[in-house]
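**Student:** Enclosed is the structure file entry_16.cif (mmCIF, C-alpha atoms and all ligand atoms).
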```
data_structure
#
loop_
_atom_site.label_atom_id
_atom_site.label_comp_id
_atom_site.auth_asym_id
_atom_site.auth_seq_id
_atom_site.Cartn_x
_atom_site.Cartn_y
_atom_site.Cartn_z
CA MET A 1 28.51 162.00 62.07
CA SER A 2 31.36 159.72 61.15
CA SER A 3 34.22 160.12 58.73
CA LEU A 4 34.20 158.46 55.31
CA TYR A 5 37.70 157.04 55.79
CA ALA A 6 39.17 156.79 59.28
CA ASP A 7 42.71 155.90 58.19
CA VAL A 8 43.67 159.16 56.45
CA LEU A 9 46.67 160.94 57.99
CA TRP A 10 45.36 164.44 58.69
CA GLN A 11 47.75 165.36 61.52
CA PRO A 12 50.33 167.07 59.23
CA VAL A 13 47.52 169.31 57.99
CA LEU A 14 46.58 170.30 61.53
CA ASP A 15 50.27 170.95 62.39
CA ALA A 16 50.79 173.09 59.28
CA VAL A 17 47.64 175.11 59.97
CA GLN A 18 48.58 175.67 63.59
CA GLU A 19 52.09 176.83 62.65
CA ALA A 20 50.93 179.12 59.84
CA LYS A 21 50.62 182.86 60.34
CA GLN A 22 48.74 183.47 57.13
CA ILE A 23 47.13 180.96 54.75
CA HIS A 24 46.33 181.17 51.03
CA ILE A 25 43.80 178.58 49.84
CA ILE A 26 43.99 177.99 46.11
CA ALA A 27 41.75 176.15 43.60
CA HIS A 28 42.75 174.82 40.20
CA VAL A 29 42.57 176.72 36.90
CA ASN A 30 39.19 176.72 35.11
CA PRO A 31 37.72 175.93 38.53
CA ASP A 32 34.78 173.58 38.95
CA ALA A 33 32.37 173.28 41.86
CA ASP A 34 34.51 170.64 43.62
CA THR A 35 37.60 172.83 43.83
CA ILE A 36 35.59 175.98 44.72
CA GLY A 37 33.39 174.14 47.24
CA SER A 38 36.49 172.61 48.87
CA GLN A 39 38.23 175.99 48.95
CA LEU A 40 35.21 177.62 50.61
CA ALA A 41 34.73 174.83 53.15
CA VAL A 42 38.39 174.98 54.21
CA TYR A 43 38.10 178.77 54.39
CA HIS A 44 35.06 178.66 56.69
CA ALA A 45 36.73 176.07 58.93
CA LEU A 46 40.03 177.92 59.26
CA LYS A 47 38.25 181.24 59.86
CA SER A 48 36.30 179.62 62.69
CA MET A 49 39.66 178.50 64.15
CA GLY A 50 40.72 182.17 64.18
CA LYS A 51 43.26 181.85 61.35
CA CYS A 52 44.16 184.61 58.91
CA VAL A 53 43.01 183.14 55.56
CA PHE A 54 42.67 184.29 51.94
CA MET A 55 41.19 182.64 48.87
CA HIS A 56 42.72 183.46 45.50
CA ASN A 57 42.70 181.64 42.14
CA ARG A 58 43.95 182.33 38.64
CA ASP A 59 40.43 182.18 37.20
CA VAL A 60 37.06 183.48 38.31
CA ALA A 61 34.67 181.02 40.03
CA PRO A 62 32.03 179.55 37.67
CA TYR A 63 28.55 181.07 37.70
CA ILE A 64 27.04 177.84 39.04
CA CYS A 65 28.89 178.56 42.32
CA ARG A 66 27.61 182.09 42.70
CA TYR A 67 25.06 181.08 45.36
CA LEU A 68 27.67 179.72 47.76
CA PRO A 69 28.30 181.87 50.86
CA ALA A 70 31.61 183.83 50.69
CA VAL A 71 32.25 182.97 47.03
CA HIS A 72 32.61 186.72 46.39
CA GLU A 73 35.52 186.81 48.82
CA ILE A 74 37.58 184.72 46.37
CA SER A 75 39.85 186.99 44.33
CA HIS A 76 41.36 186.07 40.96
CA GLY A 77 44.02 187.20 38.50
CA GLU A 78 47.44 188.46 39.64
CA ILE A 79 48.14 187.49 43.26
CA PRO A 80 47.99 190.64 45.42
CA ASN A 81 50.98 191.34 47.74
CA GLU A 82 48.77 190.96 50.79
CA ILE A 83 48.06 187.33 49.83
CA ALA A 84 51.56 186.62 48.49
CA SER A 85 52.96 187.14 52.00
CA SER A 86 51.20 183.95 53.18
CA ASP A 87 53.46 181.28 54.67
CA LEU A 88 51.15 178.33 53.90
CA VAL A 89 49.36 177.57 50.63
CA ILE A 90 46.61 174.95 50.65
CA ALA A 91 45.83 173.58 47.18
CA VAL A 92 42.53 171.73 46.82
CA ASP A 93 41.50 169.36 44.00
CA ALA A 94 44.57 170.10 41.84
CA GLY A 95 46.29 167.01 40.41
CA SER A 96 49.51 168.75 39.47
CA MET A 97 51.42 171.95 40.17
CA GLY A 98 50.61 173.26 36.68
CA ARG A 99 46.90 173.09 37.49
CA LEU A 100 47.39 175.89 40.03
CA GLY A 101 48.24 178.38 37.29
CA VAL A 102 50.89 180.09 39.43
CA ASP A 103 54.60 180.70 38.79
CA LEU A 104 56.68 178.09 40.64
CA ALA A 105 58.71 180.90 42.26
CA TYR A 106 55.59 181.79 44.26
CA PHE A 107 56.02 178.65 46.38
CA GLU A 108 59.73 179.10 47.18
CA ASP A 109 59.23 180.75 50.58
CA LYS A 110 56.01 178.92 51.43
CA LYS A 111 54.87 175.56 52.66
CA LEU A 112 52.59 173.88 50.10
CA LEU A 113 49.84 171.53 51.25
CA ASN A 114 48.21 169.43 48.55
CA ILE A 115 44.75 167.99 49.31
CA ASP A 116 43.29 166.05 46.40
CA HIS A 117 41.44 162.93 45.24
CA HIS A 118 42.96 162.46 41.75
CA ALA A 119 44.71 159.13 41.27
CA SER A 120 47.06 160.93 38.85
CA ASN A 121 48.18 163.46 41.51
CA THR A 122 51.91 164.11 41.21
CA LEU A 123 52.42 164.65 44.99
CA TYR A 124 53.87 168.11 44.36
CA GLY A 125 53.29 169.46 47.88
CA ASP A 126 55.54 169.63 50.93
CA ILE A 127 52.63 167.81 52.54
CA ASN A 128 50.38 165.62 50.41
CA VAL A 129 47.04 164.24 51.49
CA VAL A 130 45.97 162.50 48.30
CA ASP A 131 43.36 159.77 48.35
CA ALA A 132 41.58 158.52 45.25
CA ARG A 133 38.99 156.62 47.29
CA TYR A 134 37.10 159.88 47.79
CA CYS A 135 34.32 160.77 45.33
CA ALA A 136 35.25 164.46 45.57
CA THR A 137 37.85 166.65 47.24
CA GLY A 138 34.87 168.18 49.03
CA ALA A 139 34.29 164.81 50.71
CA MET A 140 37.89 164.88 51.93
CA ILE A 141 37.22 168.28 53.49
CA TYR A 142 34.20 166.77 55.27
CA ASP A 143 36.60 164.31 56.94
CA LEU A 144 39.20 167.04 57.57
CA LEU A 145 36.66 169.20 59.40
CA GLN A 146 35.93 166.33 61.75
CA TYR A 147 39.64 165.86 62.38
CA LEU A 148 39.91 169.57 63.15
CA HIS A 149 36.83 169.34 65.43
CA VAL A 150 35.17 172.10 63.43
CA PRO A 151 31.41 171.50 63.20
CA LEU A 152 29.64 171.94 59.87
CA ASN A 153 27.62 175.13 59.45
CA PRO A 154 25.19 176.10 56.66
CA ALA A 155 28.02 177.73 54.66
CA SER A 156 30.50 174.86 54.80
CA ALA A 157 27.73 172.27 54.33
CA ALA A 158 26.50 174.06 51.18
CA ALA A 159 30.05 174.24 49.82
CA ILE A 160 30.77 170.55 50.40
CA TYR A 161 27.36 169.57 49.02
CA ALA A 162 28.05 171.46 45.77
CA ALA A 163 31.43 169.74 45.49
CA VAL A 164 30.03 166.25 46.01
CA LEU A 165 26.89 166.75 43.90
CA THR A 166 28.89 167.84 40.84
CA ASP A 167 31.89 165.50 41.15
CA THR A 168 29.58 162.49 41.40
CA ALA A 169 27.51 163.66 38.38
CA SER A 170 24.54 164.07 40.74
CA PHE A 171 25.24 160.88 42.72
CA ARG A 172 25.37 158.76 39.57
CA LEU A 173 28.94 157.44 39.65
CA ALA A 174 30.29 154.22 41.12
CA SER A 175 32.18 156.37 43.66
CA VAL A 176 28.88 156.97 45.48
CA SER A 177 28.72 154.63 48.47
CA ALA A 178 26.23 154.39 51.29
CA ASP A 179 28.72 156.40 53.37
CA VAL A 180 28.61 159.18 50.74
CA HIS A 181 24.84 159.31 51.18
CA ARG A 182 25.24 159.32 54.98
CA MET A 183 27.64 162.27 54.60
CA THR A 184 25.10 164.00 52.36
CA ALA A 185 22.44 163.50 55.04
CA ASP A 186 24.76 165.25 57.52
CA LEU A 187 25.28 168.11 55.06
CA ILE A 188 21.53 168.56 54.69
CA ASP A 189 21.06 168.40 58.48
CA ALA A 190 23.72 171.11 58.79
CA GLY A 191 21.86 173.42 56.41
CA ALA A 192 22.82 172.55 52.83
CA ASP A 193 19.85 173.63 50.69
CA VAL A 194 19.37 170.88 48.13
CA ALA A 195 16.75 172.71 46.03
CA LEU A 196 18.83 175.90 45.90
CA ALA A 197 21.86 173.87 44.83
CA ALA A 198 19.91 172.11 42.06
CA GLN A 199 18.46 175.39 40.81
CA SER A 200 21.80 177.22 40.90
CA ILE A 201 23.87 174.43 39.37
CA TYR A 202 21.49 172.84 36.87
CA GLN A 203 18.72 175.35 36.19
CA SER A 204 20.39 178.75 35.84
CA HIS A 205 21.87 178.61 32.35
CA LYS A 206 21.82 181.51 29.90
CA PRO A 207 19.40 181.06 26.98
CA ALA A 208 22.38 181.43 24.60
CA ARG A 209 23.80 178.17 25.98
CA PHE A 210 21.11 176.36 24.05
CA GLU A 211 22.13 178.07 20.81
CA LEU A 212 25.62 176.74 21.43
CA LEU A 213 24.21 173.32 22.35
CA LYS A 214 22.54 173.14 18.92
CA TYR A 215 25.92 173.60 17.25
CA ALA A 216 27.51 171.12 19.63
CA LEU A 217 24.92 168.42 18.97
CA ASP A 218 25.24 169.05 15.26
CA SER A 219 28.88 167.96 15.57
CA LEU A 220 28.02 164.69 17.36
CA GLU A 221 29.77 161.73 15.81
CA ILE A 222 29.58 158.13 16.94
CA ARG A 223 32.60 155.97 16.15
CA HIS A 224 34.22 152.67 17.10
CA ASP A 225 31.07 150.63 16.43
CA GLY A 226 29.04 152.85 18.71
CA ARG A 227 31.48 152.79 21.62
CA THR A 228 32.69 156.39 21.43
CA ALA A 229 30.73 159.63 21.01
CA TRP A 230 32.47 162.86 20.00
CA ILE A 231 31.30 166.46 20.29
CA SER A 232 33.38 169.47 19.32
CA VAL A 233 32.85 173.21 19.52
CA ALA A 234 35.20 175.60 17.70
CA HIS A 235 36.19 178.96 19.15
CA ASP A 236 34.21 181.03 16.65
CA LEU A 237 30.97 179.44 17.92
CA TYR A 238 31.70 180.71 21.43
CA GLU A 239 32.31 184.15 19.92
CA LYS A 240 29.13 183.98 17.87
CA THR A 241 27.03 183.15 20.95
CA ASP A 242 29.05 185.46 23.25
CA LEU A 243 29.75 182.54 25.60
CA CYS A 244 32.83 180.92 27.10
CA GLY A 245 34.02 177.48 28.19
CA GLU A 246 32.02 177.30 31.41
CA ASP A 247 28.80 177.78 29.41
CA SER A 248 29.30 174.42 27.71
CA GLU A 249 29.83 172.56 31.00
CA GLY A 250 27.73 169.40 30.86
CA PHE A 251 27.48 169.13 27.06
CA ILE A 252 29.57 165.97 27.30
CA ASP A 253 26.81 164.30 29.29
CA TYR A 254 24.68 164.13 26.12
CA ALA A 255 27.42 162.08 24.48
CA ARG A 256 27.86 159.85 27.52
CA SER A 257 24.09 159.25 27.81
CA ILE A 258 23.92 157.36 24.49
CA GLU A 259 23.24 153.63 24.72
CA GLY A 260 26.34 151.54 24.03
CA VAL A 261 28.76 154.47 24.33
CA ASP A 262 31.67 153.62 26.65
CA VAL A 263 33.67 156.82 26.18
CA ALA A 264 32.42 160.35 25.52
CA ILE A 265 34.77 163.03 24.25
CA PHE A 266 34.12 166.77 24.27
CA ILE A 267 36.59 168.95 22.40
CA ARG A 268 36.36 172.71 22.78
CA GLU A 269 38.61 175.29 21.26
CA GLU A 270 39.73 177.57 24.09
CA LYS A 271 41.67 179.80 21.72
CA SER A 272 42.86 179.36 18.15
CA GLN A 273 44.24 175.80 17.77
CA GLU A 274 44.26 175.22 21.57
CA TRP A 275 41.73 172.54 22.48
CA LYS A 276 40.50 171.60 25.95
CA ILE A 277 39.52 167.94 25.90
CA SER A 278 37.11 166.32 28.33
CA PHE A 279 36.63 162.58 28.65
CA ARG A 280 33.82 160.73 30.40
CA ALA A 281 33.64 156.96 30.66
CA LYS A 282 31.29 154.25 31.71
CA ALA A 283 32.73 151.20 33.50
CA PRO A 284 34.99 149.39 32.73
CA CYS A 285 36.82 151.98 30.58
CA ASP A 286 39.42 154.17 32.32
CA VAL A 287 39.77 157.57 30.66
CA GLY A 288 42.24 158.74 33.34
CA VAL A 289 44.83 156.61 31.55
CA VAL A 290 43.95 158.16 28.18
CA ALA A 291 44.21 161.72 29.51
CA GLU A 292 47.54 160.99 31.19
CA LYS A 293 48.92 159.64 27.90
CA LEU A 294 47.98 162.96 26.34
CA GLY A 295 49.66 165.03 29.07
CA GLY A 296 46.59 165.63 31.24
CA GLY A 297 45.01 163.69 34.08
CA GLY A 298 41.87 162.93 36.02
CA HIS A 299 39.96 159.89 37.18
CA GLN A 300 38.67 156.65 35.73
CA TYR A 301 35.31 158.16 34.75
CA ALA A 302 36.24 161.83 34.18
CA ALA A 303 39.49 163.19 32.86
CA GLY A 304 40.89 165.92 30.62
CA CYS A 305 43.87 167.42 28.84
CA THR A 306 44.84 170.22 26.48
CA LEU A 307 45.97 169.56 22.90
CA PHE A 308 47.21 171.85 20.13
CA GLY A 309 46.77 171.93 16.35
CA SER A 310 43.91 171.49 13.90
CA LEU A 311 40.71 169.72 14.97
CA ASP A 312 41.56 166.79 12.67
CA LYS A 313 45.00 166.37 14.22
CA VAL A 314 43.63 166.60 17.75
CA GLN A 315 40.97 164.00 16.98
CA GLU A 316 43.64 161.73 15.54
CA ASP A 317 45.80 162.10 18.66
CA ILE A 318 42.84 161.24 20.86
CA ASN A 319 41.92 158.31 18.65
CA ASP A 320 45.45 156.89 18.96
CA ALA A 321 45.40 157.24 22.74
CA LEU A 322 41.98 155.58 23.00
CA VAL A 323 42.91 152.37 21.18
CA ASP A 324 44.35 150.56 24.21
CA ILE A 325 41.39 151.08 26.49
CA LEU A 326 38.87 150.17 23.80
CA ASN A 327 40.74 146.98 22.91
CA PRO A 328 42.44 145.85 26.12
P1 LIG B 1 36.70 168.36 33.02
O1 LIG B 1 36.48 167.50 31.83
O2 LIG B 1 35.46 168.54 33.82
O3 LIG B 1 37.42 169.63 32.71
O4 LIG B 1 37.71 167.55 33.95
C1 LIG B 1 37.45 166.23 34.36
C2 LIG B 1 38.48 165.80 35.34
O5 LIG B 1 39.78 165.75 34.72
C3 LIG B 1 38.65 166.70 36.54
O6 LIG B 1 38.86 165.88 37.65
C4 LIG B 1 39.86 167.54 36.23
O7 LIG B 1 40.52 167.89 37.38
C5 LIG B 1 40.70 166.60 35.37
N1 LIG B 1 41.39 167.38 34.32
C6 LIG B 1 40.82 168.06 33.31
N2 LIG B 1 41.75 168.63 32.53
C7 LIG B 1 42.94 168.32 33.05
C8 LIG B 1 44.31 168.63 32.68
O8 LIG B 1 44.59 169.34 31.70
N3 LIG B 1 45.27 168.10 33.49
C9 LIG B 1 44.99 167.33 34.57
N4 LIG B 1 46.01 166.87 35.30
N5 LIG B 1 43.74 167.02 34.93
C10 LIG B 1 42.72 167.50 34.20
MN MN B 2 37.35 166.86 42.04
#
```
Show me the file's structure as structure tokens.
Ligand code: 5GP
Ligand code: MN

**Tutor:**
Amino acid sequence: MSSLYADVLWQPVLDAVQEAKQIHIIAHVNPDADTIGSQLAVYHALKSMGKCVFMHNRDVAPYICRYLPAVHEISHGEIPNEIASSDLVIAVDAGSMGRLGVDLAYFEDKKLLNIDHHASNTLYGDINVVDARYCATGAMIYDLLQYLHVPLNPASAAAIYAAVLTDTASFRLASVSADVHRMTADLIDAGADVALAAQSIYQSHKPARFELLKYALDSLEIRHDGRTAWISVAHDLYEKTDLCGEDSEGFIDYARSIEGVDVAIFIREEKSQEWKISFRAKAPCDVGVVAEKLGGGGHQYAAGCTLFGSLDKVQEDINDALVDILNP
């Protein structure tokens, strides 16, 4: 086993963990498998070091993560007093403070440690370990565990595998190096079940998802001489199919998979006139820049933001922000 990047400064993390009496590990809002997998892997490691640790997020973990050991120990909603008395909060995979979905006052009497791989990270922690070279925050945790001298076990290996598998779009992005595959080999050696992960993440969707997908594909529009593909789903369609945002995870990949499309855009109405936008790009386009312009963030190939107003207005705003990267 060797670390992906040997020059990352992990010592402040070790110091903070050693000093802490009680630790709250937190994922970002609308959590994905990278933030949940990272949260679980840190949890397993700190538990094995004998630390008092809790996991709590604003939102429930997505159903694709249900197979991960200890996922049911993650609480969500209002932060219970027992957890609020923690003296260290570890945020994983959250590019900005707002992504934690917690009142700023919560952090006043606590040390905040920010571990993340988003280039757009605002360095909001008291300690920041932010490194955009990593393909996933889960891959950072793989290196952290080695620094902490905590061996992988089947639970932490499964959690990191889920994080890396999903954040690399199943090992399809340019962020996947030979070292990433060597790490993956270690995860499998340590007990990550590849077939279970594939089945749980990619083959466990509700039949109603495909009703929603029909509507989504019906909205597909190709613009900019074939360079952009747009899909939108209005709130009433989620109501009609009795589904929510997590059920349309991956719809954007249909748009990205079209020949000649450089940028895919998925627009879903979270509630009336509030739209969650996802961007996916193929090289050389950088959608992180587009999302940042619109008040969100992310990476070169995957980014997002929230916009308000009518669908037409939102599409216009996105169109304006896209111009620069389409015509550099
Ligand atoms: P997704 O499209 O899967 O929701 O998000 C893609 C990427 O963009 C993820 O890395 C996610 O963290 C980031 N992202 C999505 N929405 C937002 C947002 O509203 N603000 C920020 N800062 N990042 C976002
Ligand atoms: Mn991530």

**Student:** Check the smallest atom-to-atom distance from each of A:Ala157, A:Cys285, A:Ala185, A:Ala291 to Asn327 in chain A using only C-alpha atoms, then report the winner.

**Tutor:**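 Distance minimum relative to Asn327 in chain A lands on A:Cys285.
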
**Student:** Considering all atoms listed in the file, can you say which of A:Thr166, A:Asn319, A:Gln300, A:Gln22 comes closest to Arg133 in chain A?

**Tutor:**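 Closest residue, counting all atoms listed in the file: A:Gln300.
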
**Student:** With all atoms listed in the file as the counted atoms, please give the residues lying no more than 12 Å from Ala195 in chain A, apart from itself and same-chain residues fewer than 6 positions off, as a PyMOL selection string.

**Tutor:** chain A and resi 67+158+161-162+165+188+201-203

**Student:** When distances are computed from all atoms listed in the file, which of A:Leu88, A:Leu196, A:Leu104, A:Leu294 shows the smallest separation from ligand LIG 1 (chain B)?

**Tutor:**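 The shortest atom-to-atom distance to ligand LIG 1 (chain B) comes from A:Leu294.
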
**Student:** Using all atoms listed in the file, can you tell me which of A:Met97, A:Leu145, A:Val233, A:Val89 comes closest to ligand LIG 1 (chain B)?

**Tutor:**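 Ranking A:Met97, A:Leu145, A:Val233, A:Val89 by distance to ligand LIG 1 (chain B), first place goes to A:Met97.
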
**Student:** Can you pull out every residue within 10 Å of Leu311 in chain A, counting all atoms listed in the file, but drop anything in the same chain fewer than 5 positions away, and send it as a ChimeraX atom specification?

**Tutor:** /A:232-234,267-269,273-275,316-317

**Student:** Find the residues near ligand LIG 1 (chain B). Use a cut-off of 6 Å, count all atoms listed in the file, and write them as a VMD selection string.

**Tutor:** chain A and resid 95 to 96 278 to 279 296 to 298 302 to 306

**Student:** What does the list of residues within 6 Å of ligand MN 2 (chain B) look like if you count all atoms listed in the file, written as a PyMOL selection string?

**Tutor:** chain A and resi 34+93+136-137+167

**Student:** Separation of CA of Cys65 in chain A and CA of Ile115 in chain A, in Å?

**Tutor:** 20.3 Å

**Student:** Do you know which residues are at most 12 Å from Arg66 in chain A counting only C-alpha atoms, after dropping those on the same chain fewer than 5 positions away, and could you put them as an NGL selection string?

**Tutor:** :A and (32-33 or 36-37 or 40 or 60-61 or 71-74 or 158-159 or 162 or 196-197 or 199-201 or 204)

**Student:** How big is the axis-aligned box, and where does its centre sit, when it encloses all atoms of range 70-83 of chain A listed in the file and has 6 Å added on every side, reported in Å to one decimal as lines of an AutoDock Vina configuration file?

**Tutor:**
```
center_x = 41.3
center_y = 187.2
center_z = 44.6
size_x = 31.4
size_y = 20.4
size_z = 24.3
```

**Student:** Please list as a list of chain:residue names every residue within 12 Å of Asp131 in chain A, counting all atoms listed in the file and excluding residues in the same chain fewer than 4 positions away.

**Tutor:**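 The contact residues come out as A:Leu4, A:Tyr5, A:Asp7, A:Val8, A:Leu9, A:Trp10, A:Asp93, A:Gly95, A:Asn114, A:Ile115, A:Asp116, A:His117, A:His118, A:Ala119, A:Ser120, A:Asn121, A:Thr122, A:Leu123, A:Cys135, A:Ala136, A:Thr137, A:Gly138, A:Ala139, A:Met140, A:Ile141, A:Asp143, A:His299.
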